[in-house]
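Chemist: Structure file final05.txt (compact mmCIF, C-alpha atoms) right here:
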```
# COMPACT_ATOMS: atom_id res chain seq x y z
CA MET A 1 -10.39 23.49 -0.25
CA ARG A 2 -8.83 26.97 -0.40
CA GLU A 3 -8.04 26.72 3.32
CA ILE A 4 -5.42 24.06 2.57
CA LEU A 5 -3.34 26.38 0.35
CA ALA A 6 -1.39 28.12 3.11
CA PRO A 7 -0.36 24.92 4.95
CA TYR A 8 0.38 23.32 1.57
CA LYS A 9 2.81 26.10 0.70
CA ALA A 10 4.31 25.79 4.17
CA ARG A 11 4.84 22.06 3.62
CA LEU A 12 6.66 22.69 0.35
CA GLU A 13 8.71 25.44 2.00
CA ALA A 14 9.79 22.92 4.63
CA LEU A 15 10.94 20.72 1.76
CA GLY A 16 13.02 23.57 0.32
CA TRP A 17 10.59 25.21 -2.12
CA VAL A 18 10.06 28.83 -1.13
CA GLU A 19 7.48 30.92 -2.96
CA GLY A 20 9.08 33.89 -4.73
CA ARG A 21 12.55 32.37 -4.49
CA ASN A 22 12.61 29.05 -6.29
CA VAL A 23 8.96 28.23 -6.87
CA GLN A 24 5.82 29.94 -8.15
CA PHE A 25 2.22 28.87 -7.59
CA LEU A 26 -0.61 29.19 -10.09
CA VAL A 27 -3.92 28.35 -8.43
CA ARG A 28 -7.20 27.63 -10.18
CA ALA A 29 -10.48 26.58 -8.55
CA TRP A 30 -13.67 25.52 -10.25
CA ASP A 31 -17.23 24.87 -9.17
CA GLY A 32 -17.89 21.62 -10.99
CA ASP A 33 -18.67 23.29 -14.32
CA ALA A 34 -16.88 21.35 -17.08
CA GLY A 35 -16.57 24.39 -19.35
CA SER A 36 -14.85 26.38 -16.60
CA MET A 37 -12.60 23.41 -15.87
CA ARG A 38 -11.44 23.13 -19.48
CA LEU A 39 -10.75 26.85 -19.73
CA GLN A 40 -8.69 26.94 -16.55
CA ALA A 41 -6.89 23.69 -17.38
CA GLY A 42 -5.87 25.21 -20.70
CA GLU A 43 -4.55 28.29 -18.89
CA LEU A 44 -2.46 26.15 -16.55
CA VAL A 45 -0.94 24.05 -19.33
CA ALA A 46 -0.21 27.18 -21.40
CA ALA A 47 1.86 28.52 -18.49
CA HIS A 48 4.28 25.56 -18.97
CA PRO A 49 4.38 24.45 -15.32
CA ASP A 50 6.93 21.93 -14.03
CA VAL A 51 4.17 19.99 -12.26
CA ILE A 52 0.39 20.24 -11.85
CA VAL A 53 -1.53 19.12 -8.74
CA ALA A 54 -5.10 18.05 -9.52
CA LEU A 55 -7.59 17.24 -6.77
CA SER A 56 -10.50 15.40 -8.36
CA ASN A 57 -11.43 12.83 -11.01
CA PRO A 58 -12.91 15.41 -13.41
CA ALA A 59 -9.83 17.64 -13.05
CA VAL A 60 -7.49 14.79 -14.03
CA ALA A 61 -9.82 13.67 -16.84
CA ILE A 62 -9.70 17.15 -18.37
CA LEU A 63 -5.98 17.72 -17.78
CA LYS A 64 -4.77 14.34 -19.07
CA PRO A 65 -5.30 15.00 -22.81
CA LEU A 66 -4.10 18.60 -22.49
CA GLY A 67 -1.04 18.07 -20.32
CA GLY A 68 1.38 16.55 -22.83
CA ASN A 69 4.59 15.82 -20.91
CA VAL A 70 3.69 17.93 -17.86
CA PRO A 71 3.77 15.75 -14.72
CA ILE A 72 0.44 15.58 -12.88
CA VAL A 73 0.15 14.62 -9.22
CA PHE A 74 -3.40 13.85 -8.17
CA GLY A 75 -5.15 13.65 -4.86
CA MET A 76 -8.76 12.82 -4.01
CA VAL A 77 -9.11 10.57 -7.07
CA ALA A 78 -11.05 7.28 -7.04
CA ASP A 79 -10.18 4.29 -9.24
CA PRO A 80 -7.42 6.01 -11.26
CA ALA A 81 -6.63 2.84 -13.24
CA GLY A 82 -10.27 2.14 -14.11
CA SER A 83 -10.65 5.79 -15.05
CA GLY A 84 -7.81 5.47 -17.57
CA PHE A 85 -5.42 7.85 -15.80
CA ILE A 86 -2.69 5.29 -15.04
CA GLN A 87 -1.69 1.75 -16.02
CA ASN A 88 -1.79 0.34 -12.49
CA LEU A 89 -1.15 1.46 -8.91
CA ALA A 90 2.34 -0.01 -8.56
CA ARG A 91 3.59 1.19 -11.95
CA PRO A 92 1.47 4.12 -13.08
CA GLY A 93 3.44 4.74 -16.28
CA GLY A 94 3.24 7.97 -18.21
CA THR A 95 3.22 11.36 -16.52
CA ILE A 96 0.49 10.90 -13.90
CA THR A 97 0.64 9.57 -10.34
CA GLY A 98 -0.69 10.47 -6.92
CA PHE A 99 -2.94 9.47 -4.06
CA THR A 100 -6.32 7.73 -4.29
CA ASN A 101 -9.21 8.24 -1.92
CA PHE A 102 -11.73 5.39 -2.26
CA GLU A 103 -11.96 1.92 -3.77
CA ALA A 104 -15.19 0.79 -5.43
CA SER A 105 -16.18 -1.24 -2.35
CA MET A 106 -16.74 2.02 -0.45
CA GLY A 107 -20.12 2.28 -2.15
CA GLY A 108 -21.30 -0.68 -0.12
CA LYS A 109 -19.76 0.73 3.05
CA TRP A 110 -21.71 3.97 2.66
CA LEU A 111 -24.95 2.02 2.25
CA GLU A 112 -24.17 -0.11 5.32
CA VAL A 113 -23.42 2.91 7.51
CA LEU A 114 -26.54 4.74 6.33
CA ARG A 115 -28.68 1.71 7.11
CA GLU A 116 -27.07 1.34 10.54
CA ALA A 117 -27.71 5.01 11.32
CA ALA A 118 -31.30 4.82 10.05
CA PRO A 119 -32.41 1.15 10.32
CA ASP A 120 -35.89 1.73 8.86
CA THR A 121 -34.47 2.92 5.53
CA THR A 122 -35.77 0.82 2.63
CA ARG A 123 -35.22 3.26 -0.25
CA VAL A 124 -32.06 5.21 -1.07
CA LEU A 125 -31.43 7.99 -3.57
CA VAL A 126 -27.80 8.02 -4.80
CA PHE A 127 -26.48 11.30 -6.15
CA MET A 128 -23.70 10.70 -8.66
CA HIS A 129 -21.95 12.15 -11.70
CA PRO A 130 -22.88 9.72 -14.50
CA GLU A 131 -19.77 10.40 -16.61
CA THR A 132 -17.35 9.58 -13.78
CA ALA A 133 -16.19 5.97 -14.09
CA ALA A 134 -15.54 5.59 -10.36
CA HIS A 135 -19.16 6.52 -9.61
CA LYS A 136 -20.36 3.63 -11.76
CA GLU A 137 -18.16 1.34 -9.67
CA PHE A 138 -19.47 2.82 -6.42
CA PHE A 139 -23.06 2.38 -7.56
CA GLY A 140 -22.36 -1.20 -8.61
CA ALA A 141 -21.15 -1.95 -5.08
CA ILE A 142 -24.23 -0.24 -3.64
CA GLU A 143 -26.55 -2.31 -5.86
CA SER A 144 -24.78 -5.54 -4.91
CA LEU A 145 -25.42 -4.93 -1.22
CA ALA A 146 -28.88 -3.40 -1.61
CA GLY A 147 -30.49 -6.73 -2.50
CA PRO A 148 -29.42 -8.61 0.65
CA LEU A 149 -30.38 -5.57 2.74
CA LYS A 150 -33.77 -5.36 0.99
CA ILE A 151 -33.15 -1.75 0.01
CA GLN A 152 -34.32 -0.21 -3.26
CA VAL A 153 -31.66 2.10 -4.70
CA THR A 154 -32.19 4.83 -7.30
CA ALA A 155 -29.33 6.47 -9.21
CA ALA A 156 -29.67 10.22 -9.71
CA GLY A 157 -27.18 11.47 -12.28
CA ILE A 158 -26.64 15.18 -11.70
CA HIS A 159 -24.73 18.06 -13.30
CA ASN A 160 -26.36 21.10 -11.65
CA SER A 161 -28.73 22.23 -8.90
CA ALA A 162 -31.81 21.95 -11.13
CA GLU A 163 -31.14 18.23 -11.57
CA VAL A 164 -30.71 17.86 -7.80
CA GLU A 165 -34.12 19.45 -7.25
CA ARG A 166 -35.72 17.27 -9.92
CA ALA A 167 -34.20 14.08 -8.51
CA PHE A 168 -35.58 14.84 -5.05
CA ALA A 169 -39.04 15.64 -6.43
CA GLU A 170 -39.21 12.44 -8.50
CA PHE A 171 -37.88 10.23 -5.70
CA ILE A 172 -40.26 11.63 -3.08
CA ALA A 173 -43.21 11.34 -5.45
CA SER A 174 -42.42 7.69 -6.24
CA GLY A 175 -42.85 6.23 -2.76
CA SER A 176 -42.12 6.44 0.92
CA ARG A 177 -39.33 8.66 2.16
CA GLY A 178 -35.87 7.15 2.02
CA GLY A 179 -32.22 7.99 2.57
CA VAL A 180 -29.58 9.76 0.50
CA ILE A 181 -26.03 8.80 -0.47
CA ALA A 182 -24.03 11.65 -2.04
CA LEU A 183 -21.00 10.20 -3.83
CA PRO A 184 -17.84 12.32 -3.52
CA HIS A 185 -17.42 14.65 -6.49
CA ALA A 186 -17.15 18.35 -7.30
CA ILE A 187 -20.84 18.38 -8.29
CA THR A 188 -22.05 17.00 -4.94
CA GLU A 189 -19.61 19.31 -3.17
CA VAL A 190 -21.00 22.40 -4.93
CA ASN A 191 -24.55 21.26 -4.17
CA ARG A 192 -23.78 20.02 -0.65
CA ASP A 193 -25.97 22.50 1.21
CA LEU A 194 -28.87 22.06 -1.20
CA ILE A 195 -28.77 18.26 -0.87
CA ILE A 196 -28.60 18.41 2.92
CA GLN A 197 -31.36 21.03 3.18
CA ARG A 198 -33.76 19.18 0.88
CA ALA A 199 -33.06 15.85 2.54
CA THR A 200 -33.51 17.16 6.09
CA ALA A 201 -36.71 19.02 5.14
CA ASN A 202 -38.11 15.71 3.90
CA PHE A 203 -36.85 13.68 6.88
CA MET A 204 -34.32 11.81 4.72
CA PRO A 205 -31.06 10.71 6.42
CA THR A 206 -27.92 11.53 4.45
CA ILE A 207 -24.42 10.12 4.20
CA PHE A 208 -21.51 11.94 2.58
CA ALA A 209 -17.84 11.05 2.40
CA PHE A 210 -16.09 13.81 4.32
CA GLU A 211 -16.14 15.25 7.84
CA ALA A 212 -17.00 18.79 6.67
CA HIS A 213 -20.32 17.50 5.37
CA ALA A 214 -21.34 16.30 8.84
CA TYR A 215 -20.64 19.77 10.23
CA ALA A 216 -22.78 21.14 7.38
CA GLY A 217 -25.70 19.00 8.56
CA ALA A 218 -25.38 15.54 7.02
CA LEU A 219 -26.48 12.78 9.40
CA VAL A 220 -23.28 10.78 9.03
CA THR A 221 -20.04 10.80 7.06
CA TYR A 222 -17.50 8.09 6.43
CA GLY A 223 -14.31 8.67 4.52
CA ILE A 224 -10.75 9.86 4.49
CA ASP A 225 -9.17 12.97 5.95
CA ARG A 226 -9.11 15.20 2.85
CA SER A 227 -6.48 17.60 4.18
CA ASP A 228 -4.11 14.77 5.04
CA THR A 229 -4.45 13.23 1.57
CA ILE A 230 -3.91 16.55 -0.19
CA MET A 231 -0.86 17.38 1.92
CA GLN A 232 0.72 14.06 0.92
CA THR A 233 0.84 15.22 -2.69
CA ALA A 234 3.45 17.82 -1.68
CA ASP A 235 5.97 15.02 -1.11
CA TYR A 236 5.51 13.80 -4.69
CA VAL A 237 5.70 17.36 -6.01
CA ASP A 238 9.03 17.74 -4.21
CA ARG A 239 10.40 14.51 -5.66
CA ILE A 240 9.30 15.38 -9.19
CA LEU A 241 10.83 18.85 -8.98
CA ARG A 242 14.07 17.14 -7.94
CA GLY A 243 14.01 14.89 -11.00
CA THR A 244 12.00 11.76 -10.17
CA ARG A 245 9.72 10.60 -12.98
CA PRO A 246 6.01 10.26 -12.14
CA ALA A 247 6.13 6.78 -13.69
CA ASP A 248 8.52 5.73 -10.93
CA LEU A 249 6.25 6.92 -8.10
CA PRO A 250 3.59 4.32 -7.18
CA VAL A 251 0.06 5.48 -6.57
CA GLN A 252 -0.73 5.32 -2.86
CA ALA A 253 -4.07 4.54 -1.25
CA ALA A 254 -5.58 6.36 1.71
CA GLN A 255 -4.99 4.67 5.06
CA LYS A 256 -6.90 6.81 7.56
CA PHE A 257 -10.72 6.74 7.59
CA GLU A 258 -13.08 8.68 9.84
CA LEU A 259 -16.69 8.12 10.90
CA VAL A 260 -18.58 11.23 12.02
CA VAL A 261 -22.14 11.32 13.38
CA ASN A 262 -24.26 14.46 13.73
CA LEU A 263 -26.66 14.01 16.66
CA LYS A 264 -28.28 17.40 15.98
CA THR A 265 -29.38 16.13 12.58
CA ALA A 266 -30.46 12.81 14.07
CA LYS A 267 -32.72 14.69 16.48
CA ALA A 268 -34.19 16.78 13.65
CA LEU A 269 -34.94 13.56 11.75
CA GLY A 270 -36.44 11.84 14.80
CA LEU A 271 -33.71 9.20 14.85
CA THR A 272 -31.92 7.55 17.75
CA ILE A 273 -28.39 6.52 16.84
CA SER A 274 -27.37 3.14 18.25
CA PRO A 275 -24.72 3.00 20.98
CA THR A 276 -22.75 0.63 18.74
CA LEU A 277 -22.46 3.18 15.93
CA LEU A 278 -21.69 5.99 18.36
CA GLY A 279 -19.00 3.85 19.93
CA ARG A 280 -17.29 3.41 16.56
CA ALA A 281 -17.54 7.09 15.62
CA ASP A 282 -14.33 9.10 15.55
CA LYS A 283 -16.31 12.30 16.16
CA VAL A 284 -19.84 12.99 17.40
CA ILE A 285 -21.46 16.38 16.78
CA GLU A 286 -23.86 17.28 19.59
```
Let me see the structure of the file written as structure tokens.
Modeler:
Amino acid sequence: MREILAPYKARLEALGWVEGRNVQFLVRAWDGDAGSMRLQAGELVAAHPDVIVALSNPAVAILKPLGGNVPIVFGMVADPAGSGFIQNLARPGGTITGFTNFEASMGGKWLEVLREAAPDTTRVLVFMHPETAAHKEFFGAIESLAGPLKIQVTAAGIHNSAEVERAFAEFIASGSRGGVIALPHAITEVNRDLIIQRATANFMPTIFAFEAHAYAGALVTYGIDRSDTIMQTADYVDRILRGTRPADLPVQAAQKFELVVNLKTAKALGLTISPTLLGRADKVIE
């Protein structure tokens, strides 16, 4: 998400925070590797910042025990209460607040949309990060809906590309081809192209959470506008820098969701997308 940095700084400048005059930015990016995350989180905390913006569940999980009294504003985080980051959405307590992306029920929505896009799907491989509490909730929602839909679901806990490759090999060897759900996380983001390439090569329809994944070749995506959610954190950063306590800022849920369908991928998979699904799509890639 490096492309969001310039407009993010511009948003804060519009709020009165001008880089080099009354604010400094320290930026760290990681590729899903927990060791790298911990190292960079330690560097950020050691710099004694006035506020930290964290854009994923694993980032907040690593920063929380290190941050002490440093306010943390999160974006792109699922189930922050269940993950132990806050007390509740209305009164987060402590030093952490921000903007959520998905509730647990989204797991079922992703399965429904995948099935609608590829009606013959009877098996689904779910890529997830097993240590992320929100992913367990997503998978629970997927399992609950899989029975009534007569779909067999398989959880593939992954931490690296080798585990992605192994999960595909084992799933393909165990039965007929199926579909893929890639739960939103740094690890599925880093391995996005690999997941899409392997799935498409094996005629497996894929669903991801964000629009960029559809443009990368996923069959369909359903989720929030990431840029919009991240930009909202600037308003909380502004308020905290002006003296508001994070505990007094309620966690806000995403309101805008987008459905994107890639007809190029559908053609490569030999699928015909229903007019009903196309009619609901916010964007169609042709």
Chemist: One decimal, in Å: what's the spacing between CA of Thr229 in chain A and CA of Val27 in chain A?
Modeler: 18.1 Å
Chemist: Env of range 48-56 of chain A: 8 Å cut, atoms = only C-alpha atoms, seq-sep filter 3 positions within chain, self excluded. Answer as a list of chain:residue names.
Modeler: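 In the requested form, the answer reads A:Leu44, A:Val45, A:Ala59, A:Val60, A:Val70, A:Pro71, A:Ile72, A:Val73, A:Phe74, A:Gly75, A:Met76, A:Val77, A:His185, A:Ala186, A:Ile230, A:Thr233, A:Val237, A:Ile240, A:Leu241.
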Chemist: Name the closest residue to Met37 in chain A among the candidates A:Ala61, A:Leu277, A:Val180, A:Ala118; distances are taken between atoms, counting all atoms listed in the file.
Modeler: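 Distance minimum relative to Met37 in chain A lands on A:Ala61.
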Chemist: Any chance you could tabulate, as JSON lines, the residues of range 149-226 of chain A at most 12 Å from range 255-268 of chain A with each one's nearest atom pair and distance in Å to one decimal, using only C-alpha atoms, in chain and rising number order?
Modeler:
```
{"residue": "A:Ile196", "atom": "CA", "partner": "A:Thr265", "partner_atom": "CA", "distance": 10.0}
{"residue": "A:Gln197", "atom": "CA", "partner": "A:Thr265", "partner_atom": "CA", "distance": 10.8}
{"residue": "A:Ala199", "atom": "CA", "partner": "A:Thr265", "partner_atom": "CA", "distance": 10.7}
{"residue": "A:Thr200", "atom": "CA", "partner": "A:Ala268", "partner_atom": "CA", "distance": 7.6}
{"residue": "A:Ala201", "atom": "CA", "partner": "A:Ala268", "partner_atom": "CA", "distance": 9.2}
{"residue": "A:Asn202", "atom": "CA", "partner": "A:Ala268", "partner_atom": "CA", "distance": 10.6}
{"residue": "A:Phe203", "atom": "CA", "partner": "A:Ala268", "partner_atom": "CA", "distance": 7.9}
{"residue": "A:Met204", "atom": "CA", "partner": "A:Ala266", "partner_atom": "CA", "distance": 10.2}
{"residue": "A:Pro205", "atom": "CA", "partner": "A:Ala266", "partner_atom": "CA", "distance": 8.0}
{"residue": "A:Thr206", "atom": "CA", "partner": "A:Thr265", "partner_atom": "CA", "distance": 9.5}
{"residue": "A:Ile207", "atom": "CA", "partner": "A:Val261", "partner_atom": "CA", "distance": 9.5}
{"residue": "A:Phe208", "atom": "CA", "partner": "A:Val260", "partner_atom": "CA", "distance": 9.9}
{"residue": "A:Ala209", "atom": "CA", "partner": "A:Leu259", "partner_atom": "CA", "distance": 9.1}
{"residue": "A:Phe210", "atom": "CA", "partner": "A:Glu258", "partner_atom": "CA", "distance": 8.1}
{"residue": "A:Glu211", "atom": "CA", "partner": "A:Val260", "partner_atom": "CA", "distance": 6.3}
{"residue": "A:Ala212", "atom": "CA", "partner": "A:Val260", "partner_atom": "CA", "distance": 9.4}
{"residue": "A:His213", "atom": "CA", "partner": "A:Val260", "partner_atom": "CA", "distance": 9.3}
{"residue": "A:Ala214", "atom": "CA", "partner": "A:Asn262", "partner_atom": "CA", "distance": 6.0}
{"residue": "A:Tyr215", "atom": "CA", "partner": "A:Asn262", "partner_atom": "CA", "distance": 7.3}
{"residue": "A:Ala216", "atom": "CA", "partner": "A:Asn262", "partner_atom": "CA", "distance": 9.3}
{"residue": "A:Gly217", "atom": "CA", "partner": "A:Thr265", "partner_atom": "CA", "distance": 6.2}
{"residue": "A:Ala218", "atom": "CA", "partner": "A:Thr265", "partner_atom": "CA", "distance": 6.9}
{"residue": "A:Leu219", "atom": "CA", "partner": "A:Asn262", "partner_atom": "CA", "distance": 5.1}
{"residue": "A:Val220", "atom": "CA", "partner": "A:Val261", "partner_atom": "CA", "distance": 4.5}
{"residue": "A:Thr221", "atom": "CA", "partner": "A:Val260", "partner_atom": "CA", "distance": 5.2}
{"residue": "A:Tyr222", "atom": "CA", "partner": "A:Leu259", "partner_atom": "CA", "distance": 4.5}
{"residue": "A:Gly223", "atom": "CA", "partner": "A:Phe257", "partner_atom": "CA", "distance": 5.1}
{"residue": "A:Ile224", "atom": "CA", "partner": "A:Phe257", "partner_atom": "CA", "distance": 4.4}
{"residue": "A:Asp225", "atom": "CA", "partner": "A:Phe257", "partner_atom": "CA", "distance": 6.6}
{"residue": "A:Arg226", "atom": "CA", "partner": "A:Phe257", "partner_atom": "CA", "distance": 9.8}
```
Chemist: I'd like the contact shell of range 145-151 of chain A - 12 Å cut-off, all atoms listed in the file, skipping same-chain residues fewer than 4 positions apart - returned as a ChimeraX atom specification.
Modeler: /A:105-116,119-126,138-141,178-179
Chemist: May I have the residues within 9 Å of range 132-137 of chain A as a list in words, using only C-alpha atoms and disregarding those fewer than 3 positions away in the same chain?
Modeler: Asn57, Pro58, Val77, Ala78, Asp79, Pro80, Gly82, Ser83, Phe102, Glu103, Ala104, Ser105, Gly107, Met128, His129, Gly140, Ala141, Ile142, Leu183, Pro184 and His185 of chain A
Chemist: Keeping only C-alpha atoms, write the selected residues to a file as a PDB file, in the coordinates of the input.
Modeler:
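Listing of out.pdb after writing:
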```pdb
ATOM      1  CA  ASN A  57     -11.430  12.830 -11.010  1.00  0.00           C
ATOM      2  CA  PRO A  58     -12.910  15.410 -13.410  1.00  0.00           C
ATOM      3  CA  VAL A  77      -9.110  10.570  -7.070  1.00  0.00           C
ATOM      4  CA  ALA A  78     -11.050   7.280  -7.040  1.00  0.00           C
ATOM      5  CA  ASP A  79     -10.180   4.290  -9.240  1.00  0.00           C
ATOM      6  CA  PRO A  80      -7.420   6.010 -11.260  1.00  0.00           C
ATOM      7  CA  GLY A  82     -10.270   2.140 -14.110  1.00  0.00           C
ATOM      8  CA  SER A  83     -10.650   5.790 -15.050  1.00  0.00           C
ATOM      9  CA  PHE A 102     -11.730   5.390  -2.260  1.00  0.00           C
ATOM     10  CA  GLU A 103     -11.960   1.920  -3.770  1.00  0.00           C
ATOM     11  CA  ALA A 104     -15.190   0.790  -5.430  1.00  0.00           C
ATOM     12  CA  SER A 105     -16.180  -1.240  -2.350  1.00  0.00           C
ATOM     13  CA  GLY A 107     -20.120   2.280  -2.150  1.00  0.00           C
ATOM     14  CA  MET A 128     -23.700  10.700  -8.660  1.00  0.00           C
ATOM     15  CA  HIS A 129     -21.950  12.150 -11.700  1.00  0.00           C
ATOM     16  CA  GLY A 140     -22.360  -1.200  -8.610  1.00  0.00           C
ATOM     17  CA  ALA A 141     -21.150  -1.950  -5.080  1.00  0.00           C
ATOM     18  CA  ILE A 142     -24.230  -0.240  -3.640  1.00  0.00           C
ATOM     19  CA  LEU A 183     -21.000  10.200  -3.830  1.00  0.00           C
ATOM     20  CA  PRO A 184     -17.840  12.320  -3.520  1.00  0.00           C
ATOM     21  CA  HIS A 185     -17.420  14.650  -6.490  1.00  0.00           C
TER      22      HIS A 185
END
```
Chemist: Can you tell me how far CA of Phe127 in chain A sits from CA of Thr97 in chain A, in Å to one decimal?
Modeler: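 These atoms are spaced 27.5 Å apart.
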Chemist: Using only C-alpha atoms, which residues sit within 12 Å of Leu5 in chain A once same-chain residues fewer than 5 positions away are excluded, as a PyMOL selection string?
Modeler: chain A and resi 10-12+25-29+53+227+230-231+234
Chemist: I'd like a table as a Markdown table: residues in range 182-265 of chain A with an atom no more than 9 Å from range 152-175 of chain A, each row giving the shortest atom pair and its distance in Å to one decimal, only C-alpha atoms counted, sorted by chain and rising residue number.
Modeler:
```
| residue | atom | partner | partner_atom | distance |
| --- | --- | --- | --- | --- |
| A:Ile187 | CA | A:His159 | CA | 6.4 |
| A:Thr188 | CA | A:Ile158 | CA | 8.4 |
| A:Val190 | CA | A:Ser161 | CA | 8.7 |
| A:Asn191 | CA | A:Ser161 | CA | 6.4 |
| A:Leu194 | CA | A:Ser161 | CA | 7.7 |
| A:Ile195 | CA | A:Val164 | CA | 7.2 |
| A:Arg198 | CA | A:Phe168 | CA | 7.6 |
| A:Ala199 | CA | A:Phe168 | CA | 8.1 |
| A:Asn202 | CA | A:Ile172 | CA | 8.4 |
```
Chemist: Tell me which of A:Ala34, A:Glu131, A:Leu63, A:Gly98 sits closest to Arg239 in chain A, counting only C-alpha atoms.
Modeler: A:Gly98
Chemist: May I ask which of the residues A:Lys64, A:Glu19, A:Asn101, A:Ile273 is the closest one to Gly84 in chain A, counting only C-alpha atoms?
Modeler: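 Nearest candidate to Gly84 in chain A out of A:Lys64, A:Glu19, A:Asn101, A:Ile273: A:Lys64.
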Chemist: Which distance in Å separates CA of Leu15 in chain A and CA of Ile86 in chain A, to one decimal?
Modeler: 26.6 Å
Chemist: If the box runs along x, y and z of the file and leaves 3 Å on each side of range 275-283 of chain A, what are its centre and edge lengths in Å, one decimal, as lines of an AutoDock Vina configuration file?
Modeler:
```
center_x = -19.5
center_y = 6.5
center_z = 18.3
size_x = 16.4
size_y = 17.7
size_z = 11.4
```
Chemist: Which residues are near range 88-90 of chain A? Cut-off 7 Å, all atoms listed in the file, ignore same chain within fewer than 5 positions. Put them as a PDB file with C-alpha atoms, keeping the file's coordinate frame.
Modeler:
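Output saved as result.pdb:
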```
ATOM      1  CA  ALA A  81      -6.630   2.840 -13.240  1.00  0.00           C
ATOM      2  CA  PRO A 250       3.590   4.320  -7.180  1.00  0.00           C
ATOM      3  CA  VAL A 251       0.060   5.480  -6.570  1.00  0.00           C
TER       4      VAL A 251
END
```
Chemist: With distances taken over all atoms listed in the file, which residue among A:Ser36, A:Gly68, A:Phe99, A:Ala117 lies nearest Ala281 in chain A?
Modeler: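 Comparing A:Ser36, A:Gly68, A:Phe99, A:Ala117 against Ala281 in chain A, the winner is A:Ala117.
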Chemist: N, CA and C atoms are what I want for range 151-168 of chain A; can you complete it accordingly and write them as a short mmCIF file (atom, residue, chain, number, x, y, z; two decimals), in the coordinates of the input?
Modeler:
```cif
data_model
loop_
_atom_site.label_atom_id
_atom_site.label_comp_id
_atom_site.auth_asym_id
_atom_site.auth_seq_id
_atom_site.Cartn_x
_atom_site.Cartn_y
_atom_site.Cartn_z
N ILE A 151 -33.06 -3.19 0.22
CA ILE A 151 -33.15 -1.75 0.01
C ILE A 151 -33.26 -1.48 -1.49
N GLN A 152 -34.17 -0.63 -1.87
CA GLN A 152 -34.32 -0.21 -3.26
C GLN A 152 -33.45 1.03 -3.48
N VAL A 153 -32.55 0.96 -4.46
CA VAL A 153 -31.66 2.10 -4.70
C VAL A 153 -31.99 2.74 -6.05
N THR A 154 -31.91 4.06 -6.09
CA THR A 154 -32.19 4.83 -7.30
C THR A 154 -31.00 5.73 -7.60
N ALA A 155 -30.44 5.61 -8.81
CA ALA A 155 -29.33 6.47 -9.21
C ALA A 155 -29.86 7.79 -9.74
N ALA A 156 -29.30 8.88 -9.24
CA ALA A 156 -29.67 10.22 -9.71
C ALA A 156 -28.42 10.87 -10.30
N GLY A 157 -28.30 10.82 -11.61
CA GLY A 157 -27.18 11.47 -12.28
C GLY A 157 -27.40 12.98 -12.31
N ILE A 158 -26.45 13.74 -11.79
CA ILE A 158 -26.64 15.18 -11.70
C ILE A 158 -25.45 15.94 -12.27
N HIS A 159 -25.76 17.15 -12.79
CA HIS A 159 -24.73 18.06 -13.30
C HIS A 159 -24.91 19.47 -12.76
N ASN A 160 -26.07 19.75 -12.13
CA ASN A 160 -26.36 21.10 -11.65
C ASN A 160 -27.46 21.03 -10.58
N SER A 161 -27.75 22.18 -9.99
CA SER A 161 -28.73 22.23 -8.90
C SER A 161 -30.14 21.89 -9.37
N ALA A 162 -30.47 22.26 -10.61
CA ALA A 162 -31.81 21.95 -11.13
C ALA A 162 -32.04 20.45 -11.17
N GLU A 163 -31.01 19.69 -11.53
CA GLU A 163 -31.14 18.23 -11.57
C GLU A 163 -31.21 17.64 -10.17
N VAL A 164 -30.57 18.28 -9.20
CA VAL A 164 -30.71 17.86 -7.80
C VAL A 164 -32.16 18.02 -7.35
N GLU A 165 -32.73 19.18 -7.63
CA GLU A 165 -34.12 19.45 -7.25
C GLU A 165 -35.07 18.46 -7.91
N ARG A 166 -34.84 18.19 -9.19
CA ARG A 166 -35.72 17.27 -9.92
C ARG A 166 -35.61 15.85 -9.37
N ALA A 167 -34.39 15.43 -9.04
CA ALA A 167 -34.20 14.08 -8.51
C ALA A 167 -34.94 13.91 -7.19
N PHE A 168 -34.85 14.91 -6.32
CA PHE A 168 -35.58 14.84 -5.05
C PHE A 168 -37.09 14.75 -5.30
#
```
